[in-house]
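The block underneath contains the structure these notes are about, expressed in structure tokens.
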Amino acid sequence: MPENAAAAEPPDGIDVDVDAVTGAVLTASRLLVAISARSLAAVGDRVTLPQFRMLVVLSVRGPTRLVTLAEALGVAPSTAMRMVDRLIAAGLAERQANPGNRRETSLYLTDAGLRTVREVTDRRRAEIAGVVARLEPARRADLVAALHAFNEAGGEPLAPTGAADTHPLGWGGDPAGPSPRG
């Protein structure tokens, strides 16, 4: 156990203030961002972090309209369109016209896009698993409980555990979502 781990633990019966928890979460966030950056670097210059976020959203949602995709990413539709154009040029995404409304198109991942999401996510998952494996079992249980509470407080749905085939963000099922072609 690191020397400062014991010092970071509050004495029994003492509440930790919001600033201490915020600092701990920010430190963990820094670690997770570093892990994310390393996992993304493994695919080279094929995709940027914002583009990868778009690929992940498409992998989770399946075929998605541009406006919906822009909202999910918190960007303007024009920004999303430029990102989509780059992903299409890279062979990672495609557009498909809605047969019921020819003015509407859906965006979806190609097989190469899905492979990219899986490759980056597998690297990220392996590195996080390595960090978690270094924790004592009781600490792991504490971490799971704390992260579940944190995610719930933030309005993030909890991901099921133990799923063999998971979405990049942890949900079980087909990571490609519904098939765009039928």
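Labeling convention for the structure tokens: chains A, B, ... as they appear, residues from 1 per chain, ligands from 1 in order of appearance.
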
For segment 35-49 of chain A, find every residue with an atom within 6 Å (counting only C-alpha atoms), except residues of its own chain fewer than 4 positions away, and show them as a PDB file with N, CA and C atoms, in the first residue's frame.
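New file out26.pdb:
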ATOM      1  N   VAL A 120      -9.639   0.211 -28.927  1.00  0.00           N
ATOM      2  CA  VAL A 120      -9.320   1.233 -27.933  1.00  0.00           C
ATOM      3  C   VAL A 120      -9.930   0.860 -26.582  1.00  0.00           C
ATOM      4  N   ARG A 123      -8.044  -1.992 -24.857  1.00  0.00           N
ATOM      5  CA  ARG A 123      -6.794  -1.509 -24.248  1.00  0.00           C
ATOM      6  C   ARG A 123      -7.090  -0.742 -22.955  1.00  0.00           C
ATOM      7  N   ARG A 124      -8.106   0.092 -22.989  1.00  0.00           N
ATOM      8  CA  ARG A 124      -8.485   0.874 -21.810  1.00  0.00           C
ATOM      9  C   ARG A 124      -8.925  -0.056 -20.682  1.00  0.00           C
TER      10      ARG A 124
END

List as a Markdown table every residue of segment 29-104 of chain A that is in contact with segment 113-116 of chain A, defined as an atom at most 10 Å from one of its atoms (using only C-alpha atoms), together with the nearest atom pair and the distance in Å rounded to one decimal, sorted by chain and then rising number.
| residue | atom | partner | partner_atom | distance |
| --- | --- | --- | --- | --- |
| A:Leu40 | CA | A:Thr116 | CA | 9.2 |
| A:Ala42 | CA | A:Thr116 | CA | 10.0 |
| A:Val43 | CA | A:Thr116 | CA | 7.4 |
| A:Arg46 | CA | A:Thr116 | CA | 9.2 |
| A:Val47 | CA | A:Thr116 | CA | 9.0 |
| A:Phe52 | CA | A:Thr116 | CA | 8.6 |
| A:Leu55 | CA | A:Gly113 | CA | 6.8 |
| A:Val56 | CA | A:Leu114 | CA | 8.6 |
| A:Leu58 | CA | A:Leu114 | CA | 9.1 |
| A:Ser59 | CA | A:Leu114 | CA | 6.8 |
| A:Leu87 | CA | A:Gly113 | CA | 8.4 |
| A:Ile88 | CA | A:Gly113 | CA | 9.5 |
| A:Ala90 | CA | A:Gly113 | CA | 9.0 |
| A:Gly91 | CA | A:Gly113 | CA | 7.2 |
| A:Leu92 | CA | A:Gly113 | CA | 3.9 |
| A:Ala93 | CA | A:Gly113 | CA | 6.1 |
| A:Glu94 | CA | A:Gly113 | CA | 9.5 |

d(atom CA of Val84 of chain A, atom CA of Met54 of chain A) in Å: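 These two atoms are separated by 8.3 Å.
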
Give me, as CSV, the closest atom pair and its distance (Å, one decimal) for every residue of segment 68-177 of chain A within a cut-off of 12 Å of segment 16-27 of chain A, counting only C-alpha atoms, rows sorted by chain and rising number.
residue,atom,partner,partner_atom,distance
A:Leu143,CA,A:Val25,CA,11.6
A:Ala146,CA,A:Val25,CA,10.6
A:Leu147,CA,A:Val25,CA,9.9
A:Phe150,CA,A:Val25,CA,9.6
A:Asn151,CA,A:Val25,CA,11.8

May I have the residues from that selection written out with C-alpha atoms, as a compact mmCIF listing (two decimals), in the first residue's frame?
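Just written: selection_1.txt:
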# COMPACT_ATOMS: atom_id res chain seq x y z
CA LEU A 143 -14.42 1.40 -4.89
CA ALA A 146 -18.31 4.51 -4.11
CA LEU A 147 -18.38 4.66 -7.91
CA PHE A 150 -21.05 8.70 -7.57
CA ASN A 151 -22.57 7.62 -10.90

Per-residue nearest contacts of segment 79-131 of chain A to segment 60-75 of chain A (9 Å; only C-alpha atoms) as a tab-separated table:
residue	atom	partner	partner_atom	distance
A:Thr79	CA	A:Val75	CA	6.3
A:Ala80	CA	A:Ala70	CA	5.4
A:Met81	CA	A:Leu66	CA	7.1
A:Val84	CA	A:Leu66	CA	8.6
A:Arg95	CA	A:Pro63	CA	8.8
A:Gln96	CA	A:Pro63	CA	8.6
A:Glu104	CA	A:Arg65	CA	7.5
A:Thr105	CA	A:Arg65	CA	6.2
A:Ser106	CA	A:Arg65	CA	4.6
A:Leu107	CA	A:Thr64	CA	5.2
A:Tyr108	CA	A:Pro63	CA	4.6
A:Leu109	CA	A:Gly62	CA	7.7

All strand (DSSP E) positions in segment 72-162 of chain A, as a ChimeraX atom specification: /A:93-98,101-109
